[in-house]
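Here is the structure we will look at.
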Amino acid sequence: MLDVRDVTVRFDGAAVLDGVSLHVADGEVVGLLGPSGSGKSTLLRVVAGLQVVDAGTVALDGHDVTSMPTHRRSVGLVFQDAQLFPHRDVAGNIAFGLQMARWPSPRCNARVTEMLGLVGLAGFERRAVATLSGGERTRVALARSLAPSPAVLLLDEPLTGLDRTLRDRLAVELAAILRAAGTTSLMVTHDPHEAETICDRVVEMATLGGDGRQ
Amino acid sequence: MLTLLARALTPGALADTLGDSDTWRVVWFTTWQAVLSTVLTIAVGLAPAYVCARYRFAGRRLLVGLLTGVFVLPTVVMGAAMLAVLPDSMERTVWAILAAHVLFNLAVVVRVVGAVWEHLPRELEHAAATLGASPRQVARHVTLPLLRPAIGAAGAIVFVFTFTSFGVVRILGGSGRTTVEVEVWRQATQLDGIDVAAVLTVVQLLLVGGAVAWSLWIQRRHRTTLALLTSADRQRPRTARQRVLVAATAAATALVVLIPLGAMFARSLRTPDGYSLAAWTDMGETEIRPGVRLGLDPTGAMLNSLRAAGLATLLAVVIGGLAALAIHSAGRHGRLLDAGLMLPLGTSAVTIGFGMLITFDVDPIDWRASPLLVPIGHALIAVPFVVRTTLGVLAAIDPRLREAATTLGATPVRAWAAVTLPALWRPLAVGAGLAGAISLGEFGATSFLSRRDTETMPLAIEQLLGRTGSVLQAQGYALAVILATATVALVVLGELVRDRARRP
């Protein structure tokens, strides 16, 4: 469960988020729709703890995490361009979060295999990330974020930059993967069609503002 | 150079030198002090490299400029600064050598590692944080592994510089603290052991070559394809903790660099009768006792240096400029000439000086007495720098410009004079500044080539600081301050010319 209340963020005095509130129920997949510059990526960064808020609170599973550093929040974030670690292979990328949580190695390996199966990349363990295609990179990034079972999964335009056919296919797959994982998810996109395919509920960024944001 | 090889490779000389335990003691000291210097330089340099690469703050460029300025200081000046700042008990110890090496090479770490660090995508670190990595874990598992190739490259540069350290060790070293470089000089000029020196030179060439090859191999093996940002990503420090970190690191780095230089200036004012300007106003030859002179004349050394620097700069600019033009127009074949001219860069100054000493040691003409020998040696060292600065600009000239001039009716010569020539004088000015600075501070080759009464400033500084008597020492420090100022001024002047060229 994710609860964002009256969050305000200002960049150099100008409010990018102005009293924004948003609630995502347990296991729900919510799509956040809006044009570029509407602050939707900033909202994701607020939830992840990568952006400090000027006012308001963020709560995960009932705990206030507003002033908690990113690495203790248990959030997964899938970046627009995957941001895989170039010095680790596919398995090394997916195992990263598990190693940070000090999982024993055998459990770690089992979880990596399980995750690769979930995203349809079984047998990809030893591949170098530089050899992956765009769609494969997105899937590895997804597996990496899901592996430590985060309280909430954040997706920042994960399909942007892929070609149309791949996008449509991956959108369907993504919907299935998120259902299968059962993780509370918040996905940012500017494509209403994509949001409809993947999400249980779609909200417009413009409707979240507290006092008359367009 | 070939003469040198021939001298070294006689079986007798090889066996004698390599069988001597002294040889291995020198090689061992050289190696471990170089390794330790490199490790320390990287350890100290990472903090300022981080702060300068990741944060935007007032004085950032000044700090990088300051470190770069220290890097271009003559080695004897760095030695003098260490001598000035350290307490007597630490003056001539390995710690002093290590400290000098670290200060000297901080710029290498800050610039080489910083160049990658400022282009490292922040999002990779953010990704790690969302996966539960604490800041310490992010540094250990993401940032440092990604910086490893850059750290390796910086380390290789620092290792080569400190392995072949000469000026610093001549001033701060002593028995048991001799690098191969200093031992070559000692054997060749003080002990008449030309053969030993030749073998040592070859040993050093092999070791340095091996170290460079090894580091290139390691770098190739650990190469990861990393999508670097196209422009530097620097932010203002936001939180109070970041502000303290940035301010403290920048201030500490600046102080660590400035205090030894300040101490050098302070010592130049210290005379037997308290602080005074005596060393500055009376730069003439000092009488130790009435009627007995030391044969050391600071003013004369300055004149000698100026003369040598002027000639060396002229030679280097003419030879380097012509060579750059030849390499540029010769196309593929030019590469061979290019590589040949870069050779002096790879060999140490002492090797060049020593090589010239034994090459010109032939009858019937005693070349070694020629006053031209020192400027020629300096020019040889400076030519690669002139070629480098000029070649880059030549390559950037659009060949169509000259073609356009030709179609407008200009003869090839006129087209060249109208298009290429105007682009040439700026890089040549930069190269001239560098050549002048190199010549002024050159110590290694000069130690072999200079004769009595033609000492240049670095030689005079080394001798003055080695004497007891605070008047002489104060004079030595004063001379070091003058030399430091002149060198840095020349390099800064060159940089200003270059910067103005960039701005249309």
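Following the order of the structure tokens, first chain is A, next is B, and so on, with residues numbered from 1 inside each chain and ligands from 1 in the order they appear.
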Residues of chain B that approach chain A to 8 Å or less, counting only C-alpha atoms: could you list each one with the shortest pair of atoms and its distance in Å to one decimal, rows by chain and increasing residue number, as CSV?
```
residue,atom,partner,partner_atom,distance
B:Glu123,CA,A:Gln83,CA,6.7
B:Leu124,CA,A:Gln83,CA,5.6
B:His126,CA,A:Leu50,CA,7.2
B:Ala127,CA,A:Leu77,CA,6.8
B:Ala128,CA,A:Gly97,CA,7.6
B:Ala129,CA,A:His71,CA,4.7
B:Thr130,CA,A:His71,CA,5.4
B:Leu131,CA,A:Gly97,CA,4.6
B:Gly132,CA,A:His71,CA,4.0
B:Ala133,CA,A:His71,CA,5.4
B:Ser134,CA,A:His71,CA,5.6
B:Gln137,CA,A:Met100,CA,7.6
B:Val142,CA,A:Phe85,CA,7.4
B:Pro145,CA,A:His87,CA,7.1
B:Leu146,CA,A:His87,CA,6.9
B:Thr224,CA,A:His87,CA,5.9
B:Thr225,CA,A:Pro86,CA,6.5
B:Leu226,CA,A:Pro86,CA,6.0
```
field: Who sits within 6 Å of stretch 192-199 of chain A, only C-alpha atoms, same chain under 6 positions skipped, as an MDAnalysis selection string
entry: chainID A and resid 29:31 175
Expected file: the selected residues, N, CA, C and O atoms, as a PDB file, in the first residue's frame:
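Printed below is selection-v8.pdb as written:
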```
ATOM      1  N   VAL A  29      -2.244  -2.107  -9.573  1.00  0.00           N
ATOM      2  CA  VAL A  29      -1.321  -1.529 -10.552  1.00  0.00           C
ATOM      3  C   VAL A  29      -1.960  -0.246 -11.077  1.00  0.00           C
ATOM      4  O   VAL A  29      -3.003  -0.280 -11.718  1.00  0.00           O
ATOM      5  N   VAL A  30      -1.320   0.897 -10.745  1.00  0.00           N
ATOM      6  CA  VAL A  30      -1.894   2.185 -11.116  1.00  0.00           C
ATOM      7  C   VAL A  30      -1.030   2.843 -12.185  1.00  0.00           C
ATOM      8  O   VAL A  30       0.201   2.853 -12.082  1.00  0.00           O
ATOM      9  N   GLY A  31      -1.683   3.365 -13.213  1.00  0.00           N
ATOM     10  CA  GLY A  31      -0.976   4.096 -14.254  1.00  0.00           C
ATOM     11  C   GLY A  31      -1.086   5.586 -14.017  1.00  0.00           C
ATOM     12  O   GLY A  31      -2.154   6.091 -13.683  1.00  0.00           O
ATOM     13  N   ALA A 175       1.853  -6.625 -18.163  1.00  0.00           N
ATOM     14  CA  ALA A 175       0.613  -6.750 -17.397  1.00  0.00           C
ATOM     15  C   ALA A 175       0.561  -8.109 -16.703  1.00  0.00           C
ATOM     16  O   ALA A 175       0.262  -8.200 -15.497  1.00  0.00           O
TER      17      ALA A 175
END
```
- request: Enumerate as a PyMOL selection string all residues of stretch 6-169 of chain A assigned to strand (DSSP E) by DSSP on the backbone, naming them with the chain letters and numbers the document uses.
  value: chain A and resi 6-11+14-24+29-33+55-60+63-64+75-78+152-156
DSSP-assigned alpha helix (DSSP H) among stretch 67-166 of chain A, expressed as a PDB file with N, CA, C and O atoms, in the first residue's frame:
```pdb
ATOM      1  N   VAL A  90      23.996 -10.534 -16.478  1.00  0.00           N
ATOM      2  CA  VAL A  90      22.559 -10.505 -16.206  1.00  0.00           C
ATOM      3  C   VAL A  90      22.251 -11.009 -14.793  1.00  0.00           C
ATOM      4  O   VAL A  90      21.549 -10.350 -14.017  1.00  0.00           O
ATOM      5  N   ALA A  91      22.819 -12.164 -14.429  1.00  0.00           N
ATOM      6  CA  ALA A  91      22.575 -12.714 -13.102  1.00  0.00           C
ATOM      7  C   ALA A  91      23.081 -11.759 -12.017  1.00  0.00           C
ATOM      8  O   ALA A  91      22.415 -11.546 -11.001  1.00  0.00           O
ATOM      9  N   GLY A  92      24.255 -11.151 -12.268  1.00  0.00           N
ATOM     10  CA  GLY A  92      24.833 -10.223 -11.300  1.00  0.00           C
ATOM     11  C   GLY A  92      23.942  -9.012 -11.082  1.00  0.00           C
ATOM     12  O   GLY A  92      23.844  -8.489  -9.967  1.00  0.00           O
ATOM     13  N   ASN A  93      23.283  -8.569 -12.144  1.00  0.00           N
ATOM     14  CA  ASN A  93      22.360  -7.442 -12.021  1.00  0.00           C
ATOM     15  C   ASN A  93      21.144  -7.819 -11.184  1.00  0.00           C
ATOM     16  O   ASN A  93      20.751  -7.087 -10.279  1.00  0.00           O
ATOM     17  N   ILE A  94      20.555  -8.979 -11.487  1.00  0.00           N
ATOM     18  CA  ILE A  94      19.326  -9.375 -10.779  1.00  0.00           C
ATOM     19  C   ILE A  94      19.627  -9.694  -9.317  1.00  0.00           C
ATOM     20  O   ILE A  94      18.821  -9.424  -8.431  1.00  0.00           O
ATOM     21  N   ALA A  95      20.842 -10.231  -9.069  1.00  0.00           N
ATOM     22  CA  ALA A  95      21.191 -10.622  -7.700  1.00  0.00           C
ATOM     23  C   ALA A  95      21.599  -9.429  -6.841  1.00  0.00           C
ATOM     24  O   ALA A  95      21.721  -9.558  -5.620  1.00  0.00           O
ATOM     25  N   PHE A  96      21.798  -8.246  -7.464  1.00  0.00           N
ATOM     26  CA  PHE A  96      22.358  -7.104  -6.725  1.00  0.00           C
ATOM     27  C   PHE A  96      21.591  -6.800  -5.440  1.00  0.00           C
ATOM     28  O   PHE A  96      22.161  -6.729  -4.351  1.00  0.00           O
ATOM     29  N   GLY A  97      20.270  -6.631  -5.574  1.00  0.00           N
ATOM     30  CA  GLY A  97      19.461  -6.293  -4.408  1.00  0.00           C
ATOM     31  C   GLY A  97      19.496  -7.381  -3.345  1.00  0.00           C
ATOM     32  O   GLY A  97      19.484  -7.099  -2.137  1.00  0.00           O
ATOM     33  N   LEU A  98      19.548  -8.646  -3.799  1.00  0.00           N
ATOM     34  CA  LEU A  98      19.584  -9.767  -2.857  1.00  0.00           C
ATOM     35  C   LEU A  98      20.904  -9.782  -2.091  1.00  0.00           C
ATOM     36  O   LEU A  98      20.950 -10.043  -0.896  1.00  0.00           O
ATOM     37  N   GLN A  99      22.003  -9.460  -2.823  1.00  0.00           N
ATOM     38  CA  GLN A  99      23.311  -9.426  -2.167  1.00  0.00           C
ATOM     39  C   GLN A  99      23.382  -8.287  -1.164  1.00  0.00           C
ATOM     40  O   GLN A  99      23.987  -8.424  -0.097  1.00  0.00           O
ATOM     41  N   MET A 100      22.757  -7.158  -1.480  1.00  0.00           N
ATOM     42  CA  MET A 100      22.747  -6.040  -0.537  1.00  0.00           C
ATOM     43  C   MET A 100      21.989  -6.434   0.728  1.00  0.00           C
ATOM     44  O   MET A 100      22.313  -5.991   1.822  1.00  0.00           O
ATOM     45  N   SER A 105      24.132 -17.368  -0.891  1.00  0.00           N
ATOM     46  CA  SER A 105      24.328 -17.567  -2.323  1.00  0.00           C
ATOM     47  C   SER A 105      23.366 -18.569  -2.992  1.00  0.00           C
ATOM     48  O   SER A 105      22.833 -18.274  -4.068  1.00  0.00           O
ATOM     49  N   PRO A 106      23.120 -19.751  -2.394  1.00  0.00           N
ATOM     50  CA  PRO A 106      22.215 -20.700  -3.076  1.00  0.00           C
ATOM     51  C   PRO A 106      20.802 -20.136  -3.257  1.00  0.00           C
ATOM     52  O   PRO A 106      20.195 -20.266  -4.327  1.00  0.00           O
ATOM     53  N   ARG A 107      20.293 -19.467  -2.210  1.00  0.00           N
ATOM     54  CA  ARG A 107      18.953 -18.873  -2.304  1.00  0.00           C
ATOM     55  C   ARG A 107      18.925 -17.798  -3.372  1.00  0.00           C
ATOM     56  O   ARG A 107      17.953 -17.633  -4.109  1.00  0.00           O
ATOM     57  N   CYS A 108      20.033 -17.058  -3.411  1.00  0.00           N
ATOM     58  CA  CYS A 108      20.197 -15.984  -4.382  1.00  0.00           C
ATOM     59  C   CYS A 108      20.076 -16.537  -5.803  1.00  0.00           C
ATOM     60  O   CYS A 108      19.315 -16.020  -6.626  1.00  0.00           O
ATOM     61  N   ASN A 109      20.848 -17.593  -6.076  1.00  0.00           N
ATOM     62  CA  ASN A 109      20.840 -18.187  -7.420  1.00  0.00           C
ATOM     63  C   ASN A 109      19.456 -18.699  -7.784  1.00  0.00           C
ATOM     64  O   ASN A 109      18.994 -18.519  -8.918  1.00  0.00           O
ATOM     65  N   ALA A 110      18.783 -19.336  -6.824  1.00  0.00           N
ATOM     66  CA  ALA A 110      17.446 -19.871  -7.089  1.00  0.00           C
ATOM     67  C   ALA A 110      16.491 -18.737  -7.458  1.00  0.00           C
ATOM     68  O   ALA A 110      15.692 -18.840  -8.388  1.00  0.00           O
ATOM     69  N   ARG A 111      16.607 -17.619  -6.696  1.00  0.00           N
ATOM     70  CA  ARG A 111      15.735 -16.478  -6.947  1.00  0.00           C
ATOM     71  C   ARG A 111      16.009 -15.869  -8.328  1.00  0.00           C
ATOM     72  O   ARG A 111      15.073 -15.476  -9.029  1.00  0.00           O
ATOM     73  N   VAL A 112      17.280 -15.793  -8.724  1.00  0.00           N
ATOM     74  CA  VAL A 112      17.639 -15.250 -10.041  1.00  0.00           C
ATOM     75  C   VAL A 112      17.010 -16.108 -11.134  1.00  0.00           C
ATOM     76  O   VAL A 112      16.391 -15.588 -12.074  1.00  0.00           O
ATOM     77  N   THR A 113      17.110 -17.436 -10.991  1.00  0.00           N
ATOM     78  CA  THR A 113      16.518 -18.344 -11.980  1.00  0.00           C
ATOM     79  C   THR A 113      15.009 -18.142 -12.053  1.00  0.00           C
ATOM     80  O   THR A 113      14.416 -18.060 -13.137  1.00  0.00           O
ATOM     81  N   GLU A 114      14.401 -18.021 -10.875  1.00  0.00           N
ATOM     82  CA  GLU A 114      12.954 -17.824 -10.809  1.00  0.00           C
ATOM     83  C   GLU A 114      12.549 -16.527 -11.527  1.00  0.00           C
ATOM     84  O   GLU A 114      11.598 -16.497 -12.322  1.00  0.00           O
ATOM     85  N   MET A 115      13.307 -15.462 -11.264  1.00  0.00           N
ATOM     86  CA  MET A 115      12.986 -14.160 -11.859  1.00  0.00           C
ATOM     87  C   MET A 115      13.167 -14.181 -13.372  1.00  0.00           C
ATOM     88  O   MET A 115      12.358 -13.628 -14.116  1.00  0.00           O
ATOM     89  N   LEU A 116      14.258 -14.825 -13.835  1.00  0.00           N
ATOM     90  CA  LEU A 116      14.492 -14.908 -15.280  1.00  0.00           C
ATOM     91  C   LEU A 116      13.361 -15.671 -15.957  1.00  0.00           C
ATOM     92  O   LEU A 116      12.922 -15.312 -17.049  1.00  0.00           O
ATOM     93  N   GLY A 117      12.856 -16.715 -15.265  1.00  0.00           N
ATOM     94  CA  GLY A 117      11.716 -17.452 -15.802  1.00  0.00           C
ATOM     95  C   GLY A 117      10.493 -16.548 -15.892  1.00  0.00           C
ATOM     96  O   GLY A 117       9.771 -16.546 -16.895  1.00  0.00           O
ATOM     97  N   LEU A 118      10.288 -15.737 -14.844  1.00  0.00           N
ATOM     98  CA  LEU A 118       9.127 -14.856 -14.793  1.00  0.00           C
ATOM     99  C   LEU A 118       9.105 -13.865 -15.957  1.00  0.00           C
ATOM    100  O   LEU A 118       8.058 -13.607 -16.547  1.00  0.00           O
ATOM    101  N   GLY A 134      17.047  -4.044 -26.648  1.00  0.00           N
ATOM    102  CA  GLY A 134      16.303  -3.095 -25.832  1.00  0.00           C
ATOM    103  C   GLY A 134      15.230  -3.756 -24.979  1.00  0.00           C
ATOM    104  O   GLY A 134      15.100  -3.476 -23.790  1.00  0.00           O
ATOM    105  N   GLY A 135      14.472  -4.680 -25.599  1.00  0.00           N
ATOM    106  CA  GLY A 135      13.411  -5.364 -24.869  1.00  0.00           C
ATOM    107  C   GLY A 135      13.960  -6.240 -23.755  1.00  0.00           C
ATOM    108  O   GLY A 135      13.407  -6.292 -22.658  1.00  0.00           O
ATOM    109  N   GLU A 136      15.089  -6.899 -24.046  1.00  0.00           N
ATOM    110  CA  GLU A 136      15.718  -7.762 -23.034  1.00  0.00           C
ATOM    111  C   GLU A 136      16.224  -6.946 -21.856  1.00  0.00           C
ATOM    112  O   GLU A 136      16.122  -7.359 -20.696  1.00  0.00           O
ATOM    113  N   ARG A 137      16.760  -5.772 -22.161  1.00  0.00           N
ATOM    114  CA  ARG A 137      17.266  -4.904 -21.081  1.00  0.00           C
ATOM    115  C   ARG A 137      16.119  -4.520 -20.146  1.00  0.00           C
ATOM    116  O   ARG A 137      16.269  -4.542 -18.926  1.00  0.00           O
ATOM    117  N   THR A 138      14.969  -4.163 -20.745  1.00  0.00           N
ATOM    118  CA  THR A 138      13.818  -3.777 -19.930  1.00  0.00           C
ATOM    119  C   THR A 138      13.394  -4.935 -19.019  1.00  0.00           C
ATOM    120  O   THR A 138      13.111  -4.744 -17.837  1.00  0.00           O
ATOM    121  N   ARG A 139      13.377  -6.145 -19.580  1.00  0.00           N
ATOM    122  CA  ARG A 139      12.973  -7.300 -18.772  1.00  0.00           C
ATOM    123  C   ARG A 139      13.951  -7.566 -17.641  1.00  0.00           C
ATOM    124  O   ARG A 139      13.537  -7.880 -16.517  1.00  0.00           O
ATOM    125  N   VAL A 140      15.266  -7.460 -17.931  1.00  0.00           N
ATOM    126  CA  VAL A 140      16.257  -7.683 -16.871  1.00  0.00           C
ATOM    127  C   VAL A 140      16.080  -6.631 -15.783  1.00  0.00           C
ATOM    128  O   VAL A 140      16.127  -6.941 -14.583  1.00  0.00           O
ATOM    129  N   ALA A 141      15.851  -5.379 -16.195  1.00  0.00           N
ATOM    130  CA  ALA A 141      15.653  -4.311 -15.210  1.00  0.00           C
ATOM    131  C   ALA A 141      14.440  -4.615 -14.338  1.00  0.00           C
ATOM    132  O   ALA A 141      14.453  -4.401 -13.117  1.00  0.00           O
ATOM    133  N   LEU A 142      13.394  -5.142 -14.962  1.00  0.00           N
ATOM    134  CA  LEU A 142      12.179  -5.495 -14.228  1.00  0.00           C
ATOM    135  C   LEU A 142      12.466  -6.623 -13.233  1.00  0.00           C
ATOM    136  O   LEU A 142      12.092  -6.550 -12.054  1.00  0.00           O
ATOM    137  N   ALA A 143      13.184  -7.659 -13.711  1.00  0.00           N
ATOM    138  CA  ALA A 143      13.530  -8.783 -12.843  1.00  0.00           C
ATOM    139  C   ALA A 143      14.395  -8.321 -11.678  1.00  0.00           C
ATOM    140  O   ALA A 143      14.214  -8.754 -10.537  1.00  0.00           O
ATOM    141  N   ARG A 144      15.332  -7.393 -11.966  1.00  0.00           N
ATOM    142  CA  ARG A 144      16.224  -6.890 -10.928  1.00  0.00           C
ATOM    143  C   ARG A 144      15.428  -6.174  -9.836  1.00  0.00           C
ATOM    144  O   ARG A 144      15.686  -6.346  -8.641  1.00  0.00           O
ATOM    145  N   SER A 145      14.427  -5.365 -10.260  1.00  0.00           N
ATOM    146  CA  SER A 145      13.645  -4.612  -9.276  1.00  0.00           C
ATOM    147  C   SER A 145      12.689  -5.508  -8.501  1.00  0.00           C
ATOM    148  O   SER A 145      12.415  -5.261  -7.327  1.00  0.00           O
ATOM    149  N   LEU A 146      12.179  -6.557  -9.142  1.00  0.00           N
ATOM    150  CA  LEU A 146      11.207  -7.430  -8.471  1.00  0.00           C
ATOM    151  C   LEU A 146      11.877  -8.432  -7.530  1.00  0.00           C
ATOM    152  O   LEU A 146      11.253  -8.897  -6.563  1.00  0.00           O
ATOM    153  N   ARG A 164       7.422   0.064 -31.917  1.00  0.00           N
ATOM    154  CA  ARG A 164       5.980  -0.072 -31.698  1.00  0.00           C
ATOM    155  C   ARG A 164       5.528  -1.521 -31.434  1.00  0.00           C
ATOM    156  O   ARG A 164       4.879  -1.817 -30.446  1.00  0.00           O
ATOM    157  N   THR A 165       5.917  -2.468 -32.335  1.00  0.00           N
ATOM    158  CA  THR A 165       5.442  -3.846 -32.197  1.00  0.00           C
ATOM    159  C   THR A 165       5.924  -4.466 -30.899  1.00  0.00           C
ATOM    160  O   THR A 165       5.159  -5.105 -30.168  1.00  0.00           O
ATOM    161  N   LEU A 166       7.220  -4.242 -30.605  1.00  0.00           N
ATOM    162  CA  LEU A 166       7.804  -4.784 -29.378  1.00  0.00           C
ATOM    163  C   LEU A 166       7.084  -4.206 -28.168  1.00  0.00           C
ATOM    164  O   LEU A 166       6.796  -4.893 -27.192  1.00  0.00           O
TER     165      LEU A 166
END
```
query: Skipping near chain neighbours, those fewer than 4 positions away, what residues fall within 10 Å of A:Ser36 using only C-alpha atoms, listed as a ChimeraX atom specification?
result: /A:40-41,189-190
Export, as a PDB file, in the first residue's frame, the selected residues with N, CA, C and O atoms.
```
ATOM      1  N   LYS A  40       5.320  13.945 -13.284  1.00  0.00           N
ATOM      2  CA  LYS A  40       5.038  12.559 -12.925  1.00  0.00           C
ATOM      3  C   LYS A  40       6.314  11.784 -12.560  1.00  0.00           C
ATOM      4  O   LYS A  40       6.301  10.992 -11.627  1.00  0.00           O
ATOM      5  N   SER A  41       7.399  12.063 -13.279  1.00  0.00           N
ATOM      6  CA  SER A  41       8.658  11.403 -12.900  1.00  0.00           C
ATOM      7  C   SER A  41       9.148  11.891 -11.540  1.00  0.00           C
ATOM      8  O   SER A  41       9.697  11.121 -10.747  1.00  0.00           O
ATOM      9  N   THR A 189       3.572   6.922 -17.527  1.00  0.00           N
ATOM     10  CA  THR A 189       3.622   6.816 -18.983  1.00  0.00           C
ATOM     11  C   THR A 189       2.936   8.029 -19.589  1.00  0.00           C
ATOM     12  O   THR A 189       2.228   8.768 -18.898  1.00  0.00           O
ATOM     13  N   HIS A 190       3.193   8.271 -20.893  1.00  0.00           N
ATOM     14  CA  HIS A 190       2.435   9.341 -21.542  1.00  0.00           C
ATOM     15  C   HIS A 190       1.526   8.739 -22.618  1.00  0.00           C
ATOM     16  O   HIS A 190       0.942   9.447 -23.414  1.00  0.00           O
TER      17      HIS A 190
END
```
- prompt: What lies within 12 Å of B:Ile97 using only C-alpha atoms, ignoring chain neighbours under 6 positions off, as a ChimeraX atom specification?
  reply: /B:29-30,33-34,36-37,40,75-76,78-83,86,90-91,103-104,162-163,165-174,177-179
Closest of B:Val212, B:Arg467, B:Leu372, B:Tyr477 to B:Asn304 - atom-to-atom distances counting only C-alpha atoms: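 For B:Asn304, the nearest of the candidates is B:Leu372.
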query: Please, what distance in Å, to one decimal, runs between atom CA of B:Thr299 and atom CA of B:Val481?
result: 13.9 Å
message: Which residue is closest to A:Val152? Choose from A:Leu60, A:Leu121, A:Val16, A:Ala55 and count only C-alpha atoms.
response: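 When distances to A:Val152 are compared using only C-alpha atoms, the smallest one comes from A:Leu60.
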- line: Among B:Val202, B:Ala197, B:Ala423, B:Leu98, B:Ile358 is approached most closely, using only C-alpha atoms, by B:Ala197
Residue nearest B:Arg122 among B:Ala250, B:Ala139, B:Ile352, B:Leu63 (counting only C-alpha atoms): B:Ala139
